[in-house]
Amino acid sequence: MSDVVPAVAAKPRRWVSWRTAIGGGLGLAVIVGTFVFVLPRVANYGDVWGVVRELSWSQIGLLLGATALNLATYAPPWQAALPGIRFRQAFVLTQASTASTFVLPGGAAVGMGVSFGMLRGWGFTGKPVTLALAVTGIWNQFSTLAFPIVAVALLTLSKEQNTLLQTVAFIGVAILAVAAAGFAVGLTSDRLANWVGETAAAITTRVLRIVRRGPVKWGGPSFVSFRHEAVGLLKRRWHVLTLAVLAGQLTVFLVLVVSLRVLDVSAGEVSLIEAFAAWSLVRLLGSIPITPGGIGIIEVGLTTALVGFGGKNAEVVAAVLVYRFLTIVPTLLLGLASAATYRRHRPAVS
């Protein structure tokens, strides 16, 4: 009798988990439902195309100009957060990372992963890259939470009320207050930063044990080091970073406003404040990673809100679809090209 123990056949590796499959199926259902069932009930696509066909060359020029301005504002936040990166490299980085959020589920986490990989491939060291990812991400999230609050204040001053927006703004205030307080506490002292780091490391290690993964290699000292670098960066550049992030976010809103006006949704139907309220609310809802880039969710949300404020159905649907096209397709094309050629843009890193 042979003493050789027969090898046990390895279980075939599942390339897609059931959770990923369910999430992908849900996202696909939302997208199909939006464009096949929901939007056609709001306005017939033939009527929508009729509105778009009426655009003049000067109006198309306005749309392209707003889009170009929006694209140009992608890079400055990274220039403020990561010393040594030039506009061209920052533009390539942001186009590629943003494009990844349109084609892959996972939202901002996917974009951050792409950004990290590209920056390390260019030779940037770990700590500055991590810091830049953190501060740009936090500043963007702060703006996402703050805009609905501003919108409610503006609607109140103009003697208008919107129950849904007020509810979202209240939630935004609570989350923003907690997030801002946590961020401030983490930067207050080395002792607090060390405690936060040790606590986070202990919790993460316990979670990893469940899936039989080893303990994390970071802890309190890592957070203390991060605190020193973050405080130094923010003392020098917080105002530049804030202005750059606001410019980047508000030029997206500019594309929406131009789309509304050139497609005959007048200020009498939907005012600038109402458009901002609808945009800020839907932008917050669209940040939930149900579908890549919020496709489907944002279209339905914006259309519903703008029609509710008084916009005509066909004109609103046309404006929303043009706005989404101009804020997705150029970045998607530029992003795919950037991802394919990013090694050619390797900067000189000191």
# chains A, B, ... in the order shown; residues from 1 in each chain; ligands from 1
$ residues_around --residues "A:Val135" --least-positions-apart "2" --cutoff "9 Å" --atoms "only C-alpha atoms" --output "PDB file with N, CA and C atoms, in the first residue's frame"
ATOM      1  N   ALA A  81      -2.450  69.923  -3.020  1.00  0.00           N
ATOM      2  CA  ALA A  81      -2.257  68.891  -1.992  1.00  0.00           C
ATOM      3  C   ALA A  81      -0.970  68.105  -2.126  1.00  0.00           C
ATOM      4  N   THR A 130      -0.402  59.462   0.241  1.00  0.00           N
ATOM      5  CA  THR A 130      -1.487  59.151   1.173  1.00  0.00           C
ATOM      6  C   THR A 130      -2.105  60.425   1.722  1.00  0.00           C
ATOM      7  N   LEU A 131      -1.263  61.391   2.071  1.00  0.00           N
ATOM      8  CA  LEU A 131      -1.754  62.655   2.600  1.00  0.00           C
ATOM      9  C   LEU A 131      -2.588  63.393   1.561  1.00  0.00           C
ATOM     10  N   ALA A 132      -2.098  63.449   0.326  1.00  0.00           N
ATOM     11  CA  ALA A 132      -2.834  64.139  -0.737  1.00  0.00           C
ATOM     12  C   ALA A 132      -4.173  63.462  -0.997  1.00  0.00           C
ATOM     13  N   LEU A 133      -4.185  62.131  -1.029  1.00  0.00           N
ATOM     14  CA  LEU A 133      -5.436  61.408  -1.206  1.00  0.00           C
ATOM     15  C   LEU A 133      -6.417  61.727  -0.078  1.00  0.00           C
ATOM     16  N   GLY A 137      -9.748  64.019  -0.725  1.00  0.00           N
ATOM     17  CA  GLY A 137     -10.991  63.273  -0.497  1.00  0.00           C
ATOM     18  C   GLY A 137     -11.845  63.898   0.578  1.00  0.00           C
ATOM     19  N   ILE A 138     -11.225  64.312   1.684  1.00  0.00           N
ATOM     20  CA  ILE A 138     -11.973  64.923   2.782  1.00  0.00           C
ATOM     21  C   ILE A 138     -12.575  66.250   2.351  1.00  0.00           C
ATOM     22  N   TRP A 139     -11.805  67.071   1.658  1.00  0.00           N
ATOM     23  CA  TRP A 139     -12.323  68.376   1.209  1.00  0.00           C
ATOM     24  C   TRP A 139     -13.487  68.197   0.237  1.00  0.00           C
ATOM     25  N   ASN A 140     -13.394  67.215  -0.640  1.00  0.00           N
ATOM     26  CA  ASN A 140     -14.499  66.955  -1.563  1.00  0.00           C
ATOM     27  C   ASN A 140     -15.744  66.474  -0.827  1.00  0.00           C
ATOM     28  N   ALA A 230       0.021  66.496   7.894  1.00  0.00           N
ATOM     29  CA  ALA A 230      -1.252  67.116   7.531  1.00  0.00           C
ATOM     30  C   ALA A 230      -1.339  68.543   8.055  1.00  0.00           C
ATOM     31  N   LEU A 234      -1.759  71.754   5.649  1.00  0.00           N
ATOM     32  CA  LEU A 234      -2.960  72.574   5.733  1.00  0.00           C
ATOM     33  C   LEU A 234      -2.663  73.991   6.198  1.00  0.00           C
ATOM     34  N   LEU A 241      -6.290  74.974  -1.331  1.00  0.00           N
ATOM     35  CA  LEU A 241      -7.003  73.715  -1.514  1.00  0.00           C
ATOM     36  C   LEU A 241      -8.515  73.940  -1.505  1.00  0.00           C
TER      37      LEU A 241
END
$ closest_atom_pairs --of "stretch 25-48 of chain A" --to "stretch 288-304 of chain A" --cutoff "9 Å" --atoms "only C-alpha atoms" --output "CSV"
residue,atom,partner,partner_atom,distance
A:Leu26,CA,A:Ile290,CA,7.6
A:Gly27,CA,A:Thr291,CA,4.7
A:Leu28,CA,A:Thr291,CA,7.4
A:Val30,CA,A:Gly296,CA,6.1
A:Ile31,CA,A:Gly296,CA,4.7
A:Val32,CA,A:Gly296,CA,7.9
A:Gly33,CA,A:Gly296,CA,8.0
A:Thr34,CA,A:Gly296,CA,5.3
A:Phe35,CA,A:Gly296,CA,7.3
A:Val38,CA,A:Val300,CA,7.5
A:Leu39,CA,A:Val300,CA,7.1
A:Val42,CA,A:Thr303,CA,8.4
$ closest_residue --among "A:Leu256, A:Ala151, A:Val265, A:Leu71" --to "A:Gly311" --atoms "only C-alpha atoms"
A:Val265
$ atom_distance --atom1 "atom CA of A:Val129" --atom2 "atom CA of A:Phe253"
28.4 Å
$ closest_residue --among "A:Phe276, A:Val262, A:Glu269, A:Glu315" --to "A:Leu63" --atoms "only C-alpha atoms"
A:Val262
$ residues_around --residues "stretch 329-332 of chain A" --least-positions-apart "4" --cutoff "10 Å" --atoms "only C-alpha atoms" --output "list in words"
Thr67, Ala68, Leu71, Thr94, Gln95, Ala96, Ser97, Thr98, Ala99, Ser100, Thr101, Phe102, Val103, Arg324, Phe325, Leu336, Ala337 and Ser338 of chain A
$ select_by_dssp --residues "stretch 10-123 of chain A" --states "helix (DSSP H, G or I)" --output "MDAnalysis selection string"
chainID A and resid 18:42 45:53 57:72 76:81 87:103 108:122
$ atom_distance --atom1 "atom CA of A:Asp264" --atom2 "atom CA of A:Phe37"
24.3 Å
$ residues_around --residues "A:Arg237" --least-positions-apart "4" --cutoff "12 Å" --atoms "only C-alpha atoms" --output "count of residues only"
19
$ closest_residue --among "A:Leu333, A:Ala340, A:Ala319, A:Ala66" --to "A:Leu250" --atoms "only C-alpha atoms"
A:Ala66
$ atom_distance --atom1 "atom CA of A:Ala75" --atom2 "atom CA of A:Phe91"
4.7 Å
$ closest_residue --among "A:Phe309, A:Trp279, A:Phe116, A:Phe124" --to "A:Tyr323" --atoms "only C-alpha atoms"
A:Trp279
$ closest_residue --among "A:Val258, A:Met118, A:Ser287, A:Ala305" --to "A:Ser58" --atoms "only C-alpha atoms"
A:Val258
$ closest_residue --among "A:Gly25, A:Gly248, A:Gly50, A:Gly310" --to "A:Leu69" --atoms "only C-alpha atoms"
A:Gly248
